Amino acid sequence: MWDGVKKIKKDDWEKLAVAVFILAAAFILLLKSPLHFWLRGDAETDSSVYKTVALMISRGYMPYRDSFDHKGPLTYLVNLLGMQIDSYCGVWVIEFIAICVTFAGIYKISRLRCERIISCVCVLVSGALLYDYFEGGNMVEEYAMSFIAVSLYIFLDYFLNRKINRLRLALCGGCMGAVLMLRPNMISVWIVFAVAVLIDCIKRKRAADLGKFIIFFLTGFVIVVAPMLIWLAVNGCFGAFIENYIQFNMVYSAAKGQGDKWNAGFYFINKTLIIFSLLIVAYLCTVKDKFLHGTYLIYLLVSLLLISMSGMPYAHYGMILVPAVAFPVAALFELAASEKYGKTITLFMILYFAGTLALPKWFTTAGDIMNKYADRAENHHSDMVKGICELIDENTTEDERISVYGNGDIVYLVSNRLHATRYSYQFPIGEIAPDIMDEYFEELENELPPIIVIWERQADERMENFIYEHNYMEIGAPQPYDLGKTRVFKIVGHSSASE
């Protein structure tokens, strides 16, 4: 009896230790985020766009119709939720939850193959990829990772252990719905494994199971997707959603040639851990569970294909590969731990993967914790952003709108100003769809915002003419700020905020 109690207590302590490990790993990783409460720095370009759309929603406006962007509605709702915690850094809390769920999913996937300690190593090895892919965080891929990790675990547990129930099916469908409401080219895990489940049910002559799977999967899908689509439709911007999210993204993907997509594909493959994962799974296809490992190999290849379709080698696209590499790494550790190879090989593999691919990156961030904590009270926005926002504060009130020409939505966030036209940014979207530039300047003509900021680029001829024709004058940055190539213009005759 006492042995049983001791065993239970030891098991509970180990689970608690794993939970603490996951929380600590997520916290250390997210020290890379400029939205961390200790940093409050400049959000990266994409992150600033999502936060700006959320700012518009918080003031009663709608995405797509009133604020152009081409990601799914869940992106902006996540940022809106974060704003309820803290107007600028609150979304970091949502990021922290998402990373914790991702690491927990990776751990559970690894546990299908390995014991606890090795599974924790798998978390560190897989998570180390984020040091190459993170790019400031608050990206759609960051949130998608958590849904992918959960669903991947459900699929793998089904094929390895035949564990499935209604809740898991609904959860899997809901996860797919959530990712579709972020960005559609990240759904490879559901595309590939749903077909695999279909084939499996046919082979095993379990048609009744297939019907049940579909019903509960779709139930979860509808529960997640329907409220967002209804919200858009009720507020009269469902058409704008279709135009921005589907039609524009098709144009965006078609804008790059096959050569660009080919190069993007090799960019994402060209990581040691990705190459290892492909080779490990390819080998496993020849030795055991050929259907499962063959499916997994297809999943890895389809994932690489989908993130390469845009032809843009943006590092953050690779984040969806982070949960994907966990199973191959865990499978390699399991293989090395078999009686055929012995504990020495297992130890060598763990030391190699952890010491070469993971720990140096983790230690670099962990070693900077105390410095970042010590500087937590400082203003970490760039001098350029501080200078611009001081000019805006001096020359406008918070209820006046401004326009940033370029891609510098961070200005709206730090100055707490809304954008004057539908387009908070114009590049690169205006280069892909030139009609956007015509619409932007037409709205700019109607609004004539008191401040126009030309972001980190010399004004092109069209903007130079607009500024001249509408009597804008350049205003200089206050001391000690240097705006560099960014320029700020105020319409002549507009009273300053202090007047």
# chains A, B, ... in the order shown; residues from 1 in each chain; ligands from 1

$ closest_atom_pairs --of "region 350-428 of chain A" --to "region 441-459 of chain A" --cutoff "9 Å" --atoms "only C-alpha atoms" --output "tab-separated table"
residue	atom	partner	partner_atom	distance
A:Ile388	CA	A:Val453	CA	8.1
A:Ile392	CA	A:Ile451	CA	7.2
A:Asn395	CA	A:Ile451	CA	7.9
A:Thr396	CA	A:Pro450	CA	7.2
A:Glu400	CA	A:Pro450	CA	7.7
A:Arg401	CA	A:Pro449	CA	6.0
A:Ile402	CA	A:Ile451	CA	5.2
A:Ser403	CA	A:Ile452	CA	4.9
A:Val404	CA	A:Val453	CA	4.6
A:Tyr405	CA	A:Ile454	CA	4.7
A:Gly406	CA	A:Trp455	CA	5.2
A:Asn407	CA	A:Trp455	CA	6.6
A:Gly408	CA	A:Trp455	CA	6.0
A:Val411	CA	A:Val453	CA	8.7
A:His419	CA	A:Pro449	CA	8.9
A:Ala420	CA	A:Pro449	CA	6.3
A:Thr421	CA	A:Glu443	CA	5.7
A:Arg422	CA	A:Glu443	CA	7.7

$ residues_around --residues "region 188-204 of chain A" --least-positions-apart "5" --cutoff "10 Å" --atoms "only C-alpha atoms" --output "number ranges by chain"
A: 148-149, 151-152, 155-156, 158-159, 172-173, 175-176, 209-211, 213-214, 291-292, 294-307, 320, 324

$ residues_around --residues "Ile223 (chain A)" --least-positions-apart "6" --cutoff "10 Å" --atoms "only C-alpha atoms" --output "ChimeraX atom specification"
/A:170-171,173-174,177-178

$ residues_around --residues "Pro313 (chain A)" --least-positions-apart "4" --cutoff "9 Å" --atoms "only C-alpha atoms" --output "ChimeraX atom specification"
/A:260-261,263-265,267-268,307-308,317-318

$ residues_around --residues "Cys114 (chain A)" --least-positions-apart "3" --cutoff "8 Å" --atoms "only C-alpha atoms" --output "list in words"
Ser110, Arg111, Ile118, Ser119, Ala330, Ala331, Phe333 and Glu334 of chain A

$ residues_around --residues "Ile117 (chain A)" --least-positions-apart "4" --cutoff "12 Å" --atoms "only C-alpha atoms" --output "VMD selection string"
chain A and resid 14 to 15 17 to 18 21 107 110 to 111 113 121 to 124 330 333 347 350

$ closest_residue --among "A:Ala377, A:Val53, A:Met83, A:Ile432" --to "Tyr252 (chain A)" --atoms "only C-alpha atoms"
A:Ile432
